[in-house]
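Inspection log for the structure reproduced underneath, given as structure tokens.
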Amino acid sequence: MHNFEIAWVFYKMADILELKGADFFKIKAYRNAARIISRQEQSVEEMVQQKTFDKLSGIGKAISTKTKEIIETGTCKAYQELLQEVPEGVLEIRSLPGIGPKKARVLYQELKITSLEELEQAAKKRLVRKLPGMSAKTEFEILRNIEGLKDGRNKLLLGLARDLGSELVDYLADLPMVKRVEMSGSTRRWKEMVSDLDLIASSERASEVLDALASHPRITKVTQRDEDRIQAFSWWGIPVDLTVVPPKQFVTAWHRSTGSKKHYQQLMQYAQRKDLSLEHNNEFSSEEDIYSHLGLEYIPPELREGKGEIEAAQQSGLPRLVQLEDIKGDLHLHTTWSDASATLEEMVDAAKKKGYTYMAITDHSGSLKIANGLDKERLMIQIDKIKELNKKIKNFTILTGVECDILSDGTLDHPDELLEQLDVVIASVHTNFKQDMERMTKRIITAIENEHVDIIGHVSGRLLGRRGGYELDVKRVLEAAAKNNTVMEINSSPDRLDLSEENAKLAKEMGIKVAINTDAHDLKRLNEMQYGVAVARRAWLTPDDVVNTKDVEGLLQSLK
């Protein structure tokens, strides 16, 4: 069982207890347990077997017992009992921006609202404004936020789909009757959110392969089965779609199932004009052969969206897309100095193991109290600590930095005389998300115009599937970034991916450089760089568009 699956149960338990108005310390214990579990690099299941899990700081006897129960059964009795007390839909309501546990509880108790659909109808009927602590503005925000979430309601974070996909691919690949198995569909194209997990396998014994998937412990329900295809749900709720084809048909089937539909349709039309065939062609040994057969450059999966990639491939005009191997350092990292779980030294060791030649330590600034942000005195001490470490480390540079809060009026949380001493200054919005578009836009532009700000972090503030971005005129923000030579961040966290691919592409068109960062708060999340790189690739970005593909000297020259 994945660590995030165990953590998810504890997060949900904390949410339900919060809705019930339970004891603060009990809620905190569950949230803390979830955070500890999700940040472990080693499998918690292995730690339980090795009897090392109980020794983790913050893991008490009650949490340990429940964790073992979750590993053995996929859930725990206490969680199931809580689910009976508060409908699942109330948790979805609680996740809306501006609807905390108290408001969700009032909506449930006073109006019996148990789903977003019921909440939307109540807001439209102007029933919400009559409740304690609510107003007409609350109703307006509820309707706006529900509308923003509708597109993602039935979609999944790419990170979850790829985690499950990797496990199922490894499982199926070990079967003796399977010649090859790969992820396909939007998961392979690295879309930020996906509707399901598509897999394709090659075998002469399709029925046995389908049986194997149906019996996997992650699969809870088979919804449809044919001779060569099975559709099912995983324990995590992710729909899985597996197709099995004879080995000779694998390449063409894999290419077709990768999509997108628009790309494949355009490719078929192009082939017809050339009097060439793609369907049922068993001569291809690779996808490169397919495009070569059509007289085209190879088109990477991330570009297969029917947005001009075929025309570019005709003219040998596709860019040399940035790759994970091009990244030389991570410029947005947190440590135990603020709200992360890894020490400065542990972060350095992990970055060196990834082959990086530099990294920037950018702990939160002082006003973000919830994140144990660094005031001026603590930041100065950290700067000195980093300078001392740099004297001891060979072939690696630790850059001093901060993730500085952009305050409500656009001023920064630290004075200029402190910021000018740092190698990397990231400016981000973390509070007061409800400002109107004009104020929020001016707020971020004011930060961009500060000569000491190098990078704007996660510019829209969105959390995929949970929270839409705040109201913002992104084009004006990018215009200001272009004018002031400010770098824009692609935040690689799978629940952010911010800049989005559309905004990253717009930034490129404006001549703006980007930094692909993980915003890691633990060692495990350093591995999320691949998701930010995928966003950059889908935006047609090259290594020249990304500042942290440069060596440290070139990087520092390119920053403001």
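Following the order of the structure tokens, first chain is A, next is B, and so on, with residues numbered from 1 inside each chain and ligands from 1 in the order they appear.
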
Which residues of segment 464-486 of chain A come within 12 Å of segment 188-207 of chain A, and what is each one's closest atom pair and distance in Å (one decimal), counting only C-alpha atoms, sorted by chain and residue number, as CSV?
```
residue,atom,partner,partner_atom,distance
A:Leu464,CA,A:Met193,CA,7.9
A:Gly465,CA,A:Met193,CA,8.3
A:Arg466,CA,A:Met193,CA,12.0
```

Restricted to N, CA and C atoms, what would the selected residues look like written as an mmCIF file, in the first residue's frame?
```cif
data_model
loop_
_atom_site.group_PDB
_atom_site.id
_atom_site.type_symbol
_atom_site.label_atom_id
_atom_site.label_comp_id
_atom_site.auth_asym_id
_atom_site.auth_seq_id
_atom_site.Cartn_x
_atom_site.Cartn_y
_atom_site.Cartn_z
ATOM 1 N N LEU A 464 -5.077 22.186 -7.964
ATOM 2 C CA LEU A 464 -5.852 21.421 -8.940
ATOM 3 C C LEU A 464 -6.857 20.497 -8.263
ATOM 4 N N GLY A 465 -8.101 20.576 -8.740
ATOM 5 C CA GLY A 465 -9.156 19.726 -8.210
ATOM 6 C C GLY A 465 -9.709 20.180 -6.877
ATOM 7 N N ARG A 466 -9.095 21.210 -6.278
ATOM 8 C CA ARG A 466 -9.552 21.680 -4.964
ATOM 9 C C ARG A 466 -9.859 23.165 -4.936
#
```

(message) For segment 520-530 of chain A, find every residue with an atom within 8 Å (counting only C-alpha atoms), except residues of its own chain fewer than 6 positions away, and show them as a ChimeraX atom specification.
(response) /A:39-41,324,332-335,339-342,346-347,350-351,492-494

(request) State, in Å with one decimal place, the distance from atom CA of Phe4 of chain A to atom CA of Ala34 of chain A. (result) 8.3 Å

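Separating atom CA of Gly401 of chain A from atom CA of Lys442 of chain A is a distance of 24.1 Å.
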
(request) Find the residues around Ala214 of chain A up to 12 Å (only C-alpha atoms counted), leave out those fewer than 2 positions away in its own chain, and share them as a list of chain:residue names. (result)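 Contacts, in chain order: A:Leu168, A:Leu172, A:Ser207, A:Glu208, A:Val209, A:Leu210, A:Asp211, A:Ala212, A:His216, A:Pro217, A:Arg218, A:Ile219, A:Thr220, A:Lys221, A:Val222, A:Thr223, A:Gln224, A:Arg225, A:Arg229, A:Ile230, A:Gln231, A:Ala232, A:Phe233, A:Ser234, A:Val240, A:Asp241, A:Leu242.
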
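Checking A:Ala14, A:Gly468, A:Thr518, A:Leu276 one by one against Arg144 of chain A, counting only C-alpha atoms, you find the shortest gap at A:Gly468.
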
(message) For a quick check of understanding, using only C-alpha atoms, which of A:Leu303, A:Leu131, A:Asn32, A:Lys392 has the smallest distance to Val535 of chain A?
(response) A:Leu303
